[in-house]
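The data block below is target-v9.txt; it holds compact mmCIF, N, CA and C atoms.
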# COMPACT_ATOMS: atom_id res chain seq x y z
N MET A 1 -13.35 -3.39 -0.74
CA MET A 1 -12.21 -2.47 -0.85
C MET A 1 -12.65 -1.09 -1.29
N GLY A 2 -13.59 -1.01 -2.21
CA GLY A 2 -14.06 0.27 -2.72
C GLY A 2 -14.70 1.13 -1.64
N PHE A 3 -15.51 0.51 -0.78
CA PHE A 3 -16.16 1.24 0.30
C PHE A 3 -15.13 1.80 1.26
N ASN A 4 -14.15 0.99 1.63
CA ASN A 4 -13.12 1.44 2.57
C ASN A 4 -12.33 2.61 1.99
N LEU A 5 -12.00 2.56 0.71
CA LEU A 5 -11.28 3.65 0.07
C LEU A 5 -12.09 4.94 0.09
N ILE A 6 -13.37 4.82 -0.19
CA ILE A 6 -14.25 5.99 -0.16
C ILE A 6 -14.30 6.57 1.25
N MET A 7 -14.34 5.74 2.25
CA MET A 7 -14.38 6.22 3.64
C MET A 7 -13.07 6.91 4.02
N VAL A 8 -11.93 6.37 3.58
CA VAL A 8 -10.63 7.01 3.84
C VAL A 8 -10.59 8.39 3.18
N ILE A 9 -11.05 8.46 1.95
CA ILE A 9 -11.10 9.75 1.24
C ILE A 9 -12.02 10.71 1.99
N ALA A 10 -13.17 10.22 2.45
CA ALA A 10 -14.14 11.06 3.14
C ALA A 10 -13.56 11.66 4.42
N VAL A 11 -12.89 10.83 5.23
CA VAL A 11 -12.37 11.35 6.50
C VAL A 11 -11.08 12.15 6.32
N SER A 12 -10.45 12.03 5.15
CA SER A 12 -9.22 12.78 4.88
C SER A 12 -9.47 14.12 4.20
N PHE A 13 -10.63 14.28 3.60
CA PHE A 13 -10.90 15.46 2.77
C PHE A 13 -10.77 16.78 3.53
N VAL A 14 -11.51 16.94 4.61
CA VAL A 14 -11.50 18.22 5.35
C VAL A 14 -10.11 18.51 5.93
N PRO A 15 -9.45 17.54 6.59
CA PRO A 15 -8.10 17.84 7.09
C PRO A 15 -7.12 18.22 5.97
N LEU A 16 -7.21 17.54 4.83
CA LEU A 16 -6.31 17.88 3.72
C LEU A 16 -6.59 19.29 3.19
N ILE A 17 -7.85 19.66 3.10
CA ILE A 17 -8.20 21.02 2.68
C ILE A 17 -7.65 22.03 3.67
N MET A 18 -7.76 21.73 4.96
CA MET A 18 -7.23 22.63 5.99
C MET A 18 -5.71 22.76 5.87
N ILE A 19 -5.02 21.66 5.62
CA ILE A 19 -3.56 21.70 5.46
C ILE A 19 -3.18 22.49 4.22
N ILE A 20 -3.85 22.23 3.11
CA ILE A 20 -3.53 22.92 1.85
C ILE A 20 -3.76 24.43 1.98
N PHE A 21 -4.94 24.81 2.45
CA PHE A 21 -5.23 26.24 2.58
C PHE A 21 -4.42 26.88 3.70
N GLY A 22 -4.16 26.14 4.77
CA GLY A 22 -3.32 26.65 5.84
C GLY A 22 -1.94 27.00 5.31
N ASN A 23 -1.35 26.08 4.55
CA ASN A 23 -0.05 26.34 3.93
C ASN A 23 -0.11 27.52 2.97
N MET A 24 -1.18 27.58 2.20
CA MET A 24 -1.34 28.67 1.23
C MET A 24 -1.40 30.02 1.95
N PHE A 25 -2.16 30.10 3.03
CA PHE A 25 -2.28 31.36 3.76
C PHE A 25 -0.98 31.72 4.47
N LEU A 26 -0.18 30.74 4.83
CA LEU A 26 1.10 31.01 5.48
C LEU A 26 2.18 31.39 4.48
N LYS A 27 2.24 30.69 3.37
CA LYS A 27 3.34 30.89 2.42
C LYS A 27 3.05 31.92 1.34
N ASN A 28 1.82 32.01 0.90
CA ASN A 28 1.47 32.93 -0.18
C ASN A 28 0.07 33.49 0.06
N PRO A 29 -0.10 34.26 1.14
CA PRO A 29 -1.44 34.78 1.47
C PRO A 29 -1.88 35.84 0.46
N PRO A 30 -3.18 36.06 0.36
CA PRO A 30 -3.65 37.17 -0.47
C PRO A 30 -3.02 38.47 0.03
N LYS A 31 -2.50 39.26 -0.86
CA LYS A 31 -1.72 40.44 -0.48
C LYS A 31 -2.57 41.58 0.07
N LYS A 32 -3.72 41.80 -0.51
CA LYS A 32 -4.56 42.93 -0.11
C LYS A 32 -5.96 42.44 0.27
N PRO A 33 -6.62 43.17 1.16
CA PRO A 33 -8.00 42.81 1.50
C PRO A 33 -8.86 42.79 0.24
N ASN A 34 -9.65 41.74 0.11
CA ASN A 34 -10.53 41.60 -1.05
C ASN A 34 -11.73 40.76 -0.64
N TRP A 35 -12.68 40.66 -1.51
CA TRP A 35 -13.87 39.85 -1.22
C TRP A 35 -13.91 38.61 -2.10
N ALA A 36 -12.77 38.25 -2.73
CA ALA A 36 -12.73 37.08 -3.60
C ALA A 36 -12.05 35.89 -2.95
N PHE A 37 -10.95 36.13 -2.23
CA PHE A 37 -10.19 35.01 -1.67
C PHE A 37 -9.49 35.43 -0.40
N GLY A 38 -9.47 34.53 0.57
CA GLY A 38 -8.79 34.78 1.83
C GLY A 38 -9.76 34.64 2.98
N TYR A 39 -9.22 34.82 4.19
CA TYR A 39 -10.07 34.83 5.37
C TYR A 39 -10.74 36.20 5.40
N ARG A 40 -12.00 36.25 4.99
CA ARG A 40 -12.70 37.51 4.81
C ARG A 40 -13.84 37.67 5.81
N THR A 41 -13.68 38.65 6.67
CA THR A 41 -14.77 39.06 7.55
C THR A 41 -14.80 40.58 7.53
N LYS A 42 -15.83 41.14 8.07
CA LYS A 42 -15.91 42.59 8.15
C LYS A 42 -14.69 43.17 8.87
N PHE A 43 -14.25 42.47 9.89
CA PHE A 43 -13.13 42.95 10.70
C PHE A 43 -11.79 42.72 10.00
N SER A 44 -11.63 41.57 9.34
CA SER A 44 -10.32 41.27 8.73
C SER A 44 -9.98 42.20 7.58
N VAL A 45 -10.97 42.84 6.98
CA VAL A 45 -10.70 43.75 5.86
C VAL A 45 -10.63 45.22 6.30
N LYS A 46 -10.63 45.47 7.60
CA LYS A 46 -10.59 46.85 8.12
C LYS A 46 -9.32 47.58 7.73
N SER A 47 -8.19 46.87 7.75
CA SER A 47 -6.91 47.49 7.42
C SER A 47 -5.97 46.43 6.87
N GLN A 48 -4.88 46.88 6.29
CA GLN A 48 -3.89 45.93 5.79
C GLN A 48 -3.32 45.09 6.94
N GLU A 49 -3.17 45.71 8.11
CA GLU A 49 -2.61 45.00 9.25
C GLU A 49 -3.57 43.91 9.76
N THR A 50 -4.87 44.20 9.82
CA THR A 50 -5.83 43.17 10.23
C THR A 50 -5.89 42.05 9.19
N TRP A 51 -5.79 42.43 7.93
CA TRP A 51 -5.82 41.45 6.85
C TRP A 51 -4.63 40.49 6.98
N ASP A 52 -3.43 41.04 7.07
CA ASP A 52 -2.23 40.21 7.17
C ASP A 52 -2.26 39.34 8.42
N PHE A 53 -2.67 39.91 9.53
CA PHE A 53 -2.76 39.18 10.80
C PHE A 53 -3.72 38.00 10.68
N SER A 54 -4.89 38.24 10.12
CA SER A 54 -5.90 37.18 10.04
C SER A 54 -5.51 36.08 9.06
N GLN A 55 -4.87 36.44 7.94
CA GLN A 55 -4.44 35.41 6.98
C GLN A 55 -3.40 34.50 7.62
N ASN A 56 -2.46 35.10 8.34
CA ASN A 56 -1.41 34.33 9.00
C ASN A 56 -1.99 33.43 10.09
N LEU A 57 -2.88 33.98 10.89
CA LEU A 57 -3.43 33.21 12.02
C LEU A 57 -4.31 32.06 11.55
N ILE A 58 -5.18 32.30 10.57
CA ILE A 58 -6.03 31.21 10.08
C ILE A 58 -5.16 30.14 9.43
N GLY A 59 -4.08 30.57 8.78
CA GLY A 59 -3.15 29.60 8.20
C GLY A 59 -2.54 28.70 9.25
N LYS A 60 -2.09 29.29 10.34
CA LYS A 60 -1.50 28.51 11.44
C LYS A 60 -2.52 27.55 12.04
N TYR A 61 -3.71 28.07 12.32
CA TYR A 61 -4.74 27.25 12.94
C TYR A 61 -5.13 26.09 12.04
N TRP A 62 -5.44 26.38 10.76
CA TRP A 62 -5.90 25.33 9.86
C TRP A 62 -4.82 24.29 9.60
N LYS A 63 -3.59 24.73 9.41
CA LYS A 63 -2.51 23.76 9.15
C LYS A 63 -2.34 22.85 10.36
N THR A 64 -2.28 23.42 11.54
CA THR A 64 -2.10 22.62 12.76
C THR A 64 -3.27 21.67 12.96
N LEU A 65 -4.49 22.18 12.85
CA LEU A 65 -5.66 21.33 13.04
C LEU A 65 -5.72 20.22 12.00
N GLY A 66 -5.41 20.55 10.75
CA GLY A 66 -5.42 19.54 9.70
C GLY A 66 -4.41 18.43 9.97
N LEU A 67 -3.21 18.83 10.42
CA LEU A 67 -2.17 17.84 10.72
C LEU A 67 -2.53 16.96 11.91
N VAL A 68 -3.33 17.48 12.82
CA VAL A 68 -3.78 16.68 13.97
C VAL A 68 -4.98 15.81 13.58
N LEU A 69 -5.94 16.41 12.88
CA LEU A 69 -7.17 15.69 12.54
C LEU A 69 -6.96 14.57 11.52
N LEU A 70 -6.03 14.73 10.61
CA LEU A 70 -5.83 13.72 9.56
C LEU A 70 -5.48 12.35 10.15
N PRO A 71 -4.43 12.25 10.96
CA PRO A 71 -4.13 10.91 11.50
C PRO A 71 -5.18 10.44 12.52
N LEU A 72 -5.73 11.35 13.32
CA LEU A 72 -6.76 10.93 14.29
C LEU A 72 -7.99 10.38 13.59
N SER A 73 -8.42 11.04 12.54
CA SER A 73 -9.60 10.60 11.80
C SER A 73 -9.37 9.25 11.16
N ASN A 74 -8.19 9.09 10.54
CA ASN A 74 -7.90 7.81 9.89
C ASN A 74 -7.67 6.70 10.90
N ALA A 75 -7.11 7.02 12.06
CA ALA A 75 -6.95 6.02 13.12
C ALA A 75 -8.31 5.57 13.64
N THR A 76 -9.22 6.51 13.79
CA THR A 76 -10.58 6.16 14.23
C THR A 76 -11.24 5.25 13.21
N LEU A 77 -11.06 5.56 11.94
CA LEU A 77 -11.62 4.73 10.88
C LEU A 77 -10.98 3.33 10.90
N ALA A 78 -9.68 3.27 11.13
CA ALA A 78 -8.99 1.97 11.17
C ALA A 78 -9.51 1.10 12.32
N ILE A 79 -9.82 1.73 13.44
CA ILE A 79 -10.37 0.99 14.58
C ILE A 79 -11.71 0.37 14.22
N MET A 80 -12.44 1.02 13.31
CA MET A 80 -13.76 0.54 12.91
C MET A 80 -13.69 -0.61 11.90
N ASN A 81 -12.49 -0.96 11.45
CA ASN A 81 -12.32 -2.03 10.47
C ASN A 81 -12.99 -3.30 10.98
N GLY A 82 -13.80 -3.89 10.15
CA GLY A 82 -14.51 -5.11 10.54
C GLY A 82 -15.93 -4.86 11.00
N CYS A 83 -16.26 -3.59 11.27
CA CYS A 83 -17.64 -3.27 11.65
C CYS A 83 -18.52 -3.27 10.40
N ASP A 84 -19.81 -3.32 10.61
CA ASP A 84 -20.73 -3.31 9.47
C ASP A 84 -20.76 -1.93 8.81
N ILE A 85 -21.18 -1.90 7.57
CA ILE A 85 -21.17 -0.69 6.74
C ILE A 85 -21.98 0.44 7.38
N ASP A 86 -23.13 0.12 7.94
CA ASP A 86 -23.96 1.16 8.56
C ASP A 86 -23.23 1.83 9.72
N THR A 87 -22.57 1.06 10.55
CA THR A 87 -21.84 1.61 11.69
C THR A 87 -20.69 2.49 11.21
N ILE A 88 -19.94 1.99 10.24
CA ILE A 88 -18.83 2.78 9.70
C ILE A 88 -19.34 4.08 9.09
N GLY A 89 -20.43 4.00 8.36
CA GLY A 89 -21.03 5.21 7.76
C GLY A 89 -21.42 6.24 8.80
N LYS A 90 -22.01 5.77 9.89
CA LYS A 90 -22.39 6.69 10.97
C LYS A 90 -21.17 7.32 11.63
N VAL A 91 -20.14 6.51 11.87
CA VAL A 91 -18.91 7.03 12.49
C VAL A 91 -18.26 8.05 11.57
N VAL A 92 -18.21 7.77 10.30
CA VAL A 92 -17.63 8.72 9.34
C VAL A 92 -18.43 10.02 9.35
N GLY A 93 -19.73 9.93 9.43
CA GLY A 93 -20.57 11.14 9.52
C GLY A 93 -20.22 11.97 10.75
N VAL A 94 -20.04 11.31 11.88
CA VAL A 94 -19.67 12.02 13.11
C VAL A 94 -18.28 12.64 12.96
N ILE A 95 -17.35 11.90 12.38
CA ILE A 95 -16.00 12.44 12.17
C ILE A 95 -16.06 13.69 11.32
N GLU A 96 -16.84 13.67 10.26
CA GLU A 96 -16.97 14.83 9.37
C GLU A 96 -17.55 16.04 10.11
N ILE A 97 -18.54 15.81 10.94
CA ILE A 97 -19.13 16.90 11.71
C ILE A 97 -18.11 17.49 12.67
N VAL A 98 -17.35 16.64 13.33
CA VAL A 98 -16.32 17.11 14.26
C VAL A 98 -15.25 17.91 13.51
N GLN A 99 -14.82 17.41 12.37
CA GLN A 99 -13.83 18.11 11.57
C GLN A 99 -14.32 19.50 11.16
N CYS A 100 -15.55 19.57 10.68
CA CYS A 100 -16.12 20.86 10.27
C CYS A 100 -16.26 21.80 11.46
N ALA A 101 -16.60 21.25 12.63
CA ALA A 101 -16.70 22.07 13.83
C ALA A 101 -15.34 22.69 14.17
N PHE A 102 -14.27 21.91 14.04
CA PHE A 102 -12.93 22.46 14.29
C PHE A 102 -12.56 23.51 13.25
N MET A 103 -12.91 23.27 11.99
CA MET A 103 -12.59 24.23 10.94
C MET A 103 -13.33 25.55 11.18
N ILE A 104 -14.59 25.48 11.52
CA ILE A 104 -15.37 26.68 11.81
C ILE A 104 -14.90 27.31 13.12
N GLY A 105 -14.59 26.48 14.11
CA GLY A 105 -14.09 26.99 15.38
C GLY A 105 -12.82 27.81 15.21
N ALA A 106 -11.98 27.41 14.27
CA ALA A 106 -10.75 28.18 14.01
C ALA A 106 -11.09 29.58 13.50
N THR A 107 -12.12 29.69 12.68
CA THR A 107 -12.50 31.02 12.18
C THR A 107 -13.06 31.89 13.30
N VAL A 108 -13.78 31.26 14.22
CA VAL A 108 -14.30 31.99 15.38
C VAL A 108 -13.13 32.45 16.26
N ALA A 109 -12.13 31.59 16.43
CA ALA A 109 -10.96 31.95 17.24
C ALA A 109 -10.19 33.11 16.61
N VAL A 110 -10.08 33.12 15.28
CA VAL A 110 -9.39 34.23 14.61
C VAL A 110 -10.16 35.52 14.82
N SER A 111 -11.47 35.48 14.67
CA SER A 111 -12.29 36.69 14.89
C SER A 111 -12.12 37.21 16.31
N SER A 112 -12.11 36.31 17.26
CA SER A 112 -11.94 36.70 18.66
C SER A 112 -10.56 37.33 18.88
N LYS A 113 -9.54 36.73 18.31
CA LYS A 113 -8.18 37.25 18.46
C LYS A 113 -8.05 38.62 17.80
N LEU A 114 -8.67 38.81 16.66
CA LEU A 114 -8.65 40.12 15.99
C LEU A 114 -9.20 41.21 16.91
N LYS A 115 -10.31 40.90 17.58
CA LYS A 115 -10.94 41.88 18.47
C LYS A 115 -10.09 42.18 19.69
N LYS A 116 -9.26 41.23 20.10
CA LYS A 116 -8.38 41.45 21.25
C LYS A 116 -7.15 42.28 20.87
N VAL A 117 -6.66 42.09 19.65
CA VAL A 117 -5.42 42.72 19.23
C VAL A 117 -5.65 44.09 18.58
N PHE A 118 -6.81 44.28 17.95
CA PHE A 118 -7.09 45.50 17.21
C PHE A 118 -8.32 46.21 17.76
N ASP A 119 -8.33 47.55 17.61
CA ASP A 119 -9.52 48.29 18.01
C ASP A 119 -10.57 48.21 16.90
N ALA A 120 -11.70 48.86 17.08
CA ALA A 120 -12.82 48.78 16.14
C ALA A 120 -12.47 49.35 14.76
N ASN A 121 -11.43 50.17 14.68
CA ASN A 121 -11.02 50.75 13.40
C ASN A 121 -9.91 49.95 12.72
N GLY A 122 -9.51 48.84 13.31
CA GLY A 122 -8.48 48.00 12.72
C GLY A 122 -7.07 48.46 13.04
N VAL A 123 -6.91 49.26 14.10
CA VAL A 123 -5.60 49.72 14.53
C VAL A 123 -5.17 48.87 15.72
N ARG A 124 -3.91 48.42 15.68
CA ARG A 124 -3.40 47.59 16.77
C ARG A 124 -3.49 48.34 18.10
N LYS A 125 -3.99 47.65 19.12
CA LYS A 125 -4.14 48.28 20.45
C LYS A 125 -2.80 48.49 21.10

Give the structure from the file, written as structure tokens.
Amino acid sequence: MGFNLIMVIAVSFVPLIMIIFGNMFLKNPPKKPNWAFGYRTKFSVKSQETWDFSQNLIGKYWKTLGLVLLPLSNATLAIMNGCDIDTIGKVVGVIEIVQCAFMIGATVAVSSKLKKVFDANGVRK
């Protein structure tokens, strides 16, 4: 039972973090560009408008991805019920890598969207 609980926690961690921070960025985003907290890139801190846009967009992406990945990850783990510990461990490792890829992919998507919506000076096109 202990191993299974640890595996559920492991596959739930990244999606839950994405949901929590996604909600935070949507409901109470950092107000001003800073280097302490928020979706911070060279481009996102160009102007208040790029800052607000990027906080909102990363919030939407992370919340949505977290809500999709959480049940999918746990369903995949449930399918593995009855498999040996080594197999489950390997599958959990793959799930974690996929989750992190989606989390990082969302940041890449936000950067790309910023470049499409704003010019190099952070002014909306």

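Here CA of Gly59 in chain A stands at a distance of 22.4 Å from CA of Asn74 in chain A.
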
Do a neighbour search on Phe3 in chain A at 12 Å with only C-alpha atoms, toss out local chain neighbours closer than 4 positions, and write the hits as a PyMOL selection string. chain A and resi 7-10+81+84-86+88-89+92

Within 6.5 Å of (-2.4, 22.0, 9.2) in the file's own coordinates, which protein, DNA or RNA residues have an atom, counting all atoms listed in the file? List them as a PyMOL selection string. chain A and resi 18-20+22-23+60-68

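If you look at atom C of Met24 in chain A and atom C of Gly105 in chain A, they are 17.6 Å away from each other.
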
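The gap separating atom C of Pro33 in chain A from CA of Val45 in chain A is 6.0 Å, in Å to one decimal.
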
Could you go through chain A and tell me which residues DSSP, when run on the backbone, assigns to helix (DSSP H, G or I), listing them as a ChimeraX atom specification? /A:2-27,48-79,85-117

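Distances here use all atoms listed in the file; by that measure, the residue among A:Ile79, A:Ser47, A:Leu69, A:Pro29 closest to Gln99 in chain A is A:Leu69.
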
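In terms of minimum interatomic distance to Phe43 in chain A, A:Val110 ranks closest within A:Leu26, A:Val110, A:Leu16, A:Met80, counting only C-alpha atoms.
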
Contact residues around range 114-118 of chain A with all atoms listed in the file at 8 Å, ignoring same-chain residues under 4 positions, as an MDAnalysis selection string: chainID A and resid 43:44 50 53:54 108:110 122:125

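Contact shell of Ile95 in chain A at 7 Å (all atoms listed in the file; same-chain neighbours under 4 positions omitted): Val11, Ser73, Lys90, Val91, Gln99 and Cys100 of chain A.
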
Once you count only C-alpha atoms, which residues end up no further than 10 Å from (-18.8, 34.4, 6.5) in the file's frame, shown as a list of chain:residue names? A:Tyr39, A:Arg40, A:Thr41, A:Lys42, A:Ile104, A:Thr107

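Distances from A:Asn34, A:Val94, A:Ile58, A:Asn4 to Phe21 in chain A were compared using all atoms listed in the file, and the smallest one belongs to A:Ile58.
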